[in-house]
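Student: Mind having a look at this structure? Questions to follow.
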Amino acid sequence: MARLIVVSNRLPVTVTVSQGNPTVRPSMGGLATGLRGHFERSEGLWVGWPGDLSRLGPEAREAVLAELTQLRTLPVELTAQEVRSYYEDFSNGVLWPLFHYLLDRVPLHSKGWDAYTRVNAKFADVVVANYRPGDMIWVQDYQLLLLPELLRQRLPNARIGFFLHIPFAASEVFRMLPWREQVLKGMLGADLIGFHTPSYARNFASAVVRLLGHEPNFDEVTLEGRTVRFRAYPMGIDAAAFAGPGEPLEAGFHLEEGERLVLGVDRLDYTKGIRRRLFACERVLQRRPDLRGKLRIVQIAVPSRETVGAYEAFRGRVEQTVGAINGRWSTLGGPAIYYLYRSFSQAQLISLYRAASVMLVTPLRDGMNLVAKEFAGARIDGDGVLVLSEFAGAAEEMPEALQVNPFDIDGMATAIEQGLDMPEVERRARMAALHARVAQFDVHRWAEKFLGELEEPDGAPVPLAPLLTTETALAEARAADRVVMFLDYDGTLVKIAPRPELAMPDAELMTLLGDLSKRSDSPVHVVSGRPRAELERWFGALPIGLHAEHGMYSRIEGDWIARGTVPEDLRARVKATLERVASCTPGSHVEVKAVGLAWHYRLTEPEHGAHQARQLRLHLREVLTGTPLEVLAGDKVVEVRLRGMHKGLVLRGLLRPGDLALAIGDDRTDEDLFSSLPEDAVTVRVGRGSSLARYYLPDVAAVRALLRALANRG
Ligand code: ADQ
């Protein structure tokens with residue numbers, strides 16, 4: 001079993017100081033419970049912020065650090081300023097409201113990004129310093145979105161997982177974030193990215209294609225030769241604990257005969273929908289005189305993020321709402337709403353959950369919401385009604401709850417009434433299903449599933465080729481009689497342009513090819529998917545080999561030769577198909593070559609373009625079966641060419657014993673060339689990525705620099 005390194009904003013410990021003596025206690029959250037098994041068995045490490053230790057004297061501090069080491073927790077200490085900027089301003093001030101779709105809470109001037117990047121780097125330092133090859137790293141949540149990529153840069157072979165506990169917003173909303181690309185790239189440093197629900201995973205995929213242009217394939221995306229998987233792992237609770245014994249509630253708490261408990265339990269957070277929920281309860285009192293005096297409405301709110309301004313103000317508004325409603329509906333017999341601003345132990349919560357007739361979990365937006373699951377998990381008696389917001393991640397797994405729109409106060413009031421009026425048979429039928437599911441998919445299963453899939457990826461990772469240095473290339477060249485060069489054009493000799501006609505050869509390239517072609521020991525061949533006419537127009541005057549339309553045509557000396565012909569009627573039909581797709585995909589166009597046809601979609605709205613390309617490929621593959629044409633997926637292009645044509649065909653007769661072949665290319669069509677060359681050829685992919693090539697070069701500039709060195713070699 002691989003050792004597990006968990007990284008979360010907070011360490012799962014609480015440091016308290018009484019009379020100058022510090023104590024460190026493990027704090028039991030759902031995450032720590034779920035991970036405990038793997039953490040203990042693998043003798044894992046946990047990296048995170050231990051809270052503020054600055055007020056400890058030197059001795060107390062030593063004692064705390066020693067205890068943390070004992071618990072195998074590694075503290076990332078943060079200054080007060082860092083906590084303010086990274087945690088309060090950016091994580092909770094900007095990311096939290098945006099990811100929860102509460103756009104009016106995103107500040108006018110977003111603060112804290114710089115600190116956010118710095119603190120993520122600080123976490124990376126601690127992880128890297130303690131990492132051992134073979135470890136699995138699991139990064140948690142929105143405070144550390146940049147960490148996977150920071151780790152990937154320094155630990156290229158590490159297994160890195162990431163889990164987001166909050167929603168991943170629809171890309172329409174996510175892309176409002178000024179640092180959206182950095183955030184996506186940060187997450188994509190992981191091998192496996194987990195979300196609570198399939199819809200968050202879909203939102204993520206959509207952001208990746210729209211903002212970064214990488215097209216995901218089902219639930220994974222390949223970048224720079226690495227495959228990143230993103231999937232839903234709905235988090236569960238410690239079901240066994242919630243099915244266990246509760247604890248007597250405070251003295252004096254008991255429900256009168258005929259009195260029913262309507263319960264809400266939340267962190268005091270503006271995402272939880274507390275005020276709208278209270279208004280819905282008031283609406284019930286208004287509409288149902290028969291229920292007045294018979295409901296015990298209890299709202300428990302755990303203090304949370306009290307140092308963040310928005311939370312302080314929000315608390316004020318909640319308390320004002322409670323006061324206003326109580327002013328109208330309380331009697332001398334008791335308040336309409338019992339509002340308790342404090343934390344309860346797990347055992348007390350269990351007793352409360354069991355006493356409730358109706359549980360109200362109505363967040364405006366929630367990644368998952370574990371309170372809903374805890375309620376169902378606690379109901380071993382099989383009774384109780386859950387009213388659940390359809391905007392909580394938990395809703396996707398809890399269809400038997402009474403689902404409500406938390407923005408619709410009347411609708412919520414109706415659901416509360418329905419819950420109170422529901423016949424026992426129906427209550428039990430619904431709860432049986434809810435309870436069974438919560439018991440089965442618990443937090444242990446969640447952690448095991450994620451870690452299992454992180455530990456054993458579906459396929460072995462493809463090792464990446466090393467960089468081709470000028471020294472290596474020159475040494476190989478000097479050892480050979482001649483260097484025969486096979487150079488792709490787009491993406492290799494010139495940068496990819498928005499439209500093919502914009503990628504013209506420039507003066508530097510012409511001089512470079514001219515200089516190379518003057519050497520009798522360096523024959524040059526340009527091997528491209530471009531049509532003959534273009535290559536002829538650009539390079540016709542140079543004494544170099546030209547190969548057009550992926551090997552369909554070659555001009556080595558003198559005239560062009562063709563390697564096949566294509567039935568015109570079939571070609572006309574394909575052309576009509578491509579033109580039809582182009583007409584309904586703004587920004588795309590059809591390129592007509594002598595034989596081949598290509599539909600380019602680089603300038604389309606990325607998601608629509610990728611979707612159309614997928615549809616088109618499927619359609620063409622089907623209709624072209626058994627014909628002399630085949631379909632080829634390129635970089636933002638779908639091509640149709642003569643079946644069996646490929647760049648490797650151009651090689652015949654061009655290499656002599658003692659020659660060194662040098663082939664450079666950037667896309668899938670160049671792989672045919674690489675695979676057709678002798679084993680000792682120097683094959684080079686432009687850009688990192690999985691390839692048959694022995695080496696890589698980062699970009700067009702590096703290719704040109706290499707060719708320049710070869711042209712000048714002595
Ligand atoms: P939270 O926003 O904190 O978590 P939630 O999932 O409901 O929301 O978890 C709250 C936890 O706090 C529960 O375990 C609950 O028992 C406890 N709690 C709530 N009120 C309490 C009280 N009065 N006293 C004591 N304990 C109380 C974030 C995301 C969620 C996601 C979780 C886990 O916002 O959407 O479900 O992480 O991924």
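Ordering of the structure tokens sets the chain letters (A, B, ...), residue numbers begin anew at 1 in every chain, and ligands are numbered from 1 in the order given.
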Ligand 1: which residues are within 6 Å, counting only C-alpha atoms and all ligand atoms? Reply as a ChimeraX atom specification.
Tutor: /A:165-166,265-267,300-302,342-345,366-371
Student: Kindly export the residues of the current selection with all heavy atoms, as a tab-separated table (two decimals), in the first residue's frame.
Tutor:
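Generated output (part11.tsv):
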```tsv
chain	number	residue	atom	x	y	z
A	165	HIS	N	-14.52	19.94	-2.63
A	165	HIS	CA	-15.68	19.70	-1.76
A	165	HIS	C	-16.84	20.63	-2.04
A	165	HIS	O	-17.92	20.45	-1.50
A	165	HIS	CB	-15.25	19.83	-0.29
A	165	HIS	CG	-14.37	18.71	0.15
A	165	HIS	ND1	-14.83	17.62	0.84
A	165	HIS	CD2	-13.04	18.48	-0.04
A	165	HIS	CE1	-13.84	16.78	1.08
A	165	HIS	NE2	-12.74	17.29	0.55
A	166	ILE	N	-16.62	21.64	-2.85
A	166	ILE	CA	-17.70	22.59	-3.16
A	166	ILE	C	-18.11	22.39	-4.62
A	166	ILE	O	-17.46	21.64	-5.33
A	166	ILE	CB	-17.26	24.05	-2.86
A	166	ILE	CG1	-16.11	24.48	-3.78
A	166	ILE	CG2	-16.85	24.18	-1.40
A	166	ILE	CD1	-15.71	25.95	-3.61
A	265	VAL	N	-30.05	22.47	10.76
A	265	VAL	CA	-28.70	22.42	11.36
A	265	VAL	C	-27.70	22.84	10.28
A	265	VAL	O	-27.61	22.17	9.24
A	265	VAL	CB	-28.34	20.99	11.84
A	265	VAL	CG1	-26.90	20.92	12.31
A	265	VAL	CG2	-29.28	20.55	12.96
A	266	ASP	N	-27.01	23.92	10.50
A	266	ASP	CA	-26.08	24.39	9.47
A	266	ASP	C	-24.89	25.09	10.09
A	266	ASP	O	-24.95	25.55	11.21
A	266	ASP	CB	-26.76	25.46	8.59
A	266	ASP	CG	-28.08	25.03	8.04
A	266	ASP	OD1	-29.10	25.09	8.77
A	266	ASP	OD2	-28.10	24.61	6.88
A	267	ARG	N	-23.83	25.20	9.27
A	267	ARG	CA	-22.84	26.21	9.57
A	267	ARG	C	-23.50	27.53	9.24
A	267	ARG	O	-24.28	27.61	8.28
A	267	ARG	CB	-21.62	26.04	8.66
A	267	ARG	CG	-20.50	25.26	9.26
A	267	ARG	CD	-19.20	25.37	8.46
A	267	ARG	NE	-19.37	25.28	7.04
A	267	ARG	CZ	-19.37	26.33	6.22
A	267	ARG	NH1	-19.19	27.56	6.69
A	267	ARG	NH2	-19.53	26.16	4.93
A	300	ILE	N	-30.34	25.47	14.37
A	300	ILE	CA	-29.02	25.48	15.00
A	300	ILE	C	-28.02	26.01	14.00
A	300	ILE	O	-27.99	25.57	12.85
A	300	ILE	CB	-28.65	24.06	15.45
A	300	ILE	CG1	-29.57	23.70	16.60
A	300	ILE	CG2	-27.19	23.98	15.86
A	300	ILE	CD1	-29.39	22.33	17.10
A	301	ALA	N	-27.23	26.97	14.42
A	301	ALA	CA	-26.26	27.56	13.51
A	301	ALA	C	-24.90	27.54	14.18
A	301	ALA	O	-24.70	28.14	15.22
A	301	ALA	CB	-26.67	28.99	13.17
A	302	VAL	N	-23.97	26.79	13.57
A	302	VAL	CA	-22.63	26.73	14.14
A	302	VAL	C	-21.85	27.96	13.70
A	302	VAL	O	-21.82	28.26	12.52
A	302	VAL	CB	-21.83	25.52	13.60
A	302	VAL	CG1	-20.67	25.21	14.52
A	302	VAL	CG2	-22.72	24.35	13.38
A	342	ARG	N	-24.57	27.99	18.18
A	342	ARG	CA	-23.45	27.27	18.77
A	342	ARG	C	-23.34	25.86	18.21
A	342	ARG	O	-24.21	25.39	17.47
A	342	ARG	CB	-23.57	27.21	20.28
A	342	ARG	CG	-24.76	26.43	20.77
A	342	ARG	CD	-24.75	26.53	22.28
A	342	ARG	NE	-26.08	26.74	22.79
A	342	ARG	CZ	-26.81	25.77	23.32
A	342	ARG	NH1	-26.34	24.55	23.35
A	342	ARG	NH2	-28.00	26.02	23.80
A	343	SER	N	-22.27	25.21	18.60
A	343	SER	CA	-21.98	23.88	18.09
A	343	SER	C	-22.58	22.82	19.00
A	343	SER	O	-22.73	23.04	20.20
A	343	SER	CB	-20.47	23.73	18.03
A	343	SER	OG	-20.15	22.52	17.43
A	344	PHE	N	-22.93	21.69	18.45
A	344	PHE	CA	-23.41	20.56	19.23
A	344	PHE	C	-22.51	19.36	18.96
A	344	PHE	O	-21.94	19.25	17.88
A	344	PHE	CB	-24.85	20.21	18.83
A	344	PHE	CG	-25.88	21.09	19.49
A	344	PHE	CD1	-26.02	22.41	19.11
A	344	PHE	CD2	-26.69	20.59	20.49
A	344	PHE	CE1	-26.95	23.22	19.73
A	344	PHE	CE2	-27.63	21.39	21.11
A	344	PHE	CZ	-27.77	22.71	20.73
A	345	SER	N	-22.40	18.48	19.95
A	345	SER	CA	-21.56	17.30	19.72
A	345	SER	C	-22.30	16.37	18.76
A	345	SER	O	-23.52	16.46	18.58
A	345	SER	CB	-21.34	16.56	21.04
A	345	SER	OG	-22.54	15.93	21.43
A	366	ASP	N	-24.91	23.92	-2.52
A	366	ASP	CA	-24.04	23.21	-1.60
A	366	ASP	C	-23.32	22.11	-2.37
A	366	ASP	O	-23.94	21.41	-3.17
A	366	ASP	CB	-24.89	22.56	-0.48
A	366	ASP	CG	-24.18	22.57	0.86
A	366	ASP	OD1	-22.94	22.52	0.88
A	366	ASP	OD2	-24.88	22.63	1.90
A	367	GLY	N	-22.01	21.98	-2.13
A	367	GLY	CA	-21.25	20.96	-2.84
A	367	GLY	C	-21.90	19.59	-2.69
A	367	GLY	O	-22.23	18.92	-3.66
A	368	MET	N	-22.13	19.19	-1.44
A	368	MET	CA	-22.81	17.93	-1.17
A	368	MET	C	-23.92	18.21	-0.16
A	368	MET	O	-25.09	18.15	-0.45
A	368	MET	CB	-21.81	16.90	-0.63
A	368	MET	CG	-22.42	15.62	-0.11
A	368	MET	SD	-23.50	14.81	-1.27
A	368	MET	CE	-22.38	14.08	-2.43
A	369	ASN	N	-23.54	18.54	1.05
A	369	ASN	CA	-24.33	18.70	2.26
A	369	ASN	C	-24.46	17.39	3.01
A	369	ASN	O	-25.23	16.50	2.66
A	369	ASN	CB	-25.72	19.30	2.05
A	369	ASN	CG	-26.28	19.74	3.41
A	369	ASN	OD1	-26.46	18.91	4.31
A	369	ASN	ND2	-26.47	21.02	3.59
A	370	LEU	N	-23.65	17.29	4.03
A	370	LEU	CA	-23.60	16.06	4.81
A	370	LEU	C	-24.68	16.01	5.88
A	370	LEU	O	-25.04	14.93	6.34
A	370	LEU	CB	-22.22	15.91	5.45
A	370	LEU	CG	-21.08	15.76	4.43
A	370	LEU	CD1	-19.74	15.68	5.14
A	370	LEU	CD2	-21.28	14.53	3.54
A	371	VAL	N	-25.23	17.17	6.26
A	371	VAL	CA	-26.29	17.16	7.28
A	371	VAL	C	-27.47	16.33	6.78
A	371	VAL	O	-28.06	15.53	7.53
A	371	VAL	CB	-26.71	18.60	7.63
A	371	VAL	CG1	-27.99	18.60	8.45
A	371	VAL	CG2	-25.59	19.32	8.39
```
Student: Set the distance at 10 Å and use only C-alpha atoms: which residues neighbour region 546-563 of chain A once local chain neighbours fewer than 5 positions away are removed? I'd like the list as number ranges by chain.
Tutor: A: 486-488, 524-536, 539-540, 593-597, 641-642, 644-651, 654, 669-670, 672-673
Student: Could you give me, as a PDB file with C-alpha atoms, in the first residue's frame, each residue of region 29-111 of chain A that DSSP assigns to strand (DSSP E or B) when run on this structure's backbone?
Tutor:
```
ATOM      1  CA  LEU A  45       1.315  12.151   6.677  1.00  0.00           C
ATOM      2  CA  TRP A  46      -1.088  15.067   6.856  1.00  0.00           C
ATOM      3  CA  VAL A  47       0.022  18.531   5.735  1.00  0.00           C
ATOM      4  CA  GLY A  48      -1.975  21.621   6.718  1.00  0.00           C
ATOM      5  CA  TRP A  49      -2.328  24.785   8.710  1.00  0.00           C
ATOM      6  CA  THR A  73       0.861  15.937  10.942  1.00  0.00           C
ATOM      7  CA  LEU A  74       3.131  18.493   9.284  1.00  0.00           C
ATOM      8  CA  PRO A  75       2.247  22.104  10.004  1.00  0.00           C
TER       9      PRO A  75
END
```
Student: Contacts of Thr492 (chain A) at 9 Å or less, counting only C-alpha atoms, minus same-chain residues fewer than 4 places along, as a ChimeraX atom specification?
Tutor: /A:487-488,496,664-666,685-686,699-701,703-704
Student: Using DSSP on the backbone coordinates, identify the residues of region 642-712 of chain A assigned to helix (DSSP H, G or I); present them as a list in words.
Tutor: Lys647, Gly648, Leu649, Val650, Leu651, Arg668, Thr669, Asp670, Glu671, Asp672, Leu673, Phe674, Ser675, Ser676, Val700, Ala701, Ala702, Val703, Arg704, Ala705, Leu706, Leu707, Arg708, Ala709, Leu710 and Ala711 of chain A
Student: Give me the residues within 10 Å of Met412 (chain A) as number ranges by chain, counting only C-alpha atoms and dropping any in the same chain fewer than 2 places off.
Tutor: A: 276-277, 279-281, 283-284, 360, 362, 387-389, 402-410, 414-418
Student: Find the spatial neighbours of Asp521 (chain A), counting only C-alpha atoms, within a cut-off of 10 Å - ignore same-chain residues fewer than 5 positions away - and output them as a PyMOL selection string.
Tutor: chain A and resi 477+480-484+516+659
Student: For the residues selected in the previous step, produce a file with C-alpha atoms as an mmCIF file, in the first residue's frame.
Tutor:
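Saved as again18.cif:
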```cif
data_model
loop_
_atom_site.group_PDB
_atom_site.id
_atom_site.type_symbol
_atom_site.label_atom_id
_atom_site.label_comp_id
_atom_site.auth_asym_id
_atom_site.auth_seq_id
_atom_site.Cartn_x
_atom_site.Cartn_y
_atom_site.Cartn_z
ATOM 1 C CA ALA A 477 24.858 14.525 -37.565
ATOM 2 C CA ALA A 480 26.700 10.310 -40.423
ATOM 3 C CA ASP A 481 27.488 10.760 -44.134
ATOM 4 C CA ARG A 482 24.387 12.850 -44.731
ATOM 5 C CA VAL A 483 21.500 14.131 -42.620
ATOM 6 C CA VAL A 484 18.257 13.646 -44.525
ATOM 7 C CA LEU A 516 20.245 24.015 -45.551
ATOM 8 C CA ASP A 659 22.495 8.443 -43.752
#
```
Student: List as JSON, numbers by chain the protein and nucleic acid residues near Ala205 (chain A), meaning an atom at most 12 Å away when only C-alpha atoms are counted, but skip any in the same chain fewer than 2 places from it.
Tutor: {"A": [168, 169, 170, 171, 174, 184, 187, 188, 193, 195, 198, 199, 200, 201, 202, 203, 207, 208, 209, 210, 211, 212, 213, 214, 215, 216, 217, 218, 219, 220, 221, 222, 228, 229, 230, 231, 606, 607, 610]}
Student: Could you tell me how far CA of Leu706 (chain A) sits from CA of Arg537 (chain A), in Å to one decimal place?
Tutor: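 It comes out at 25.3 Å.
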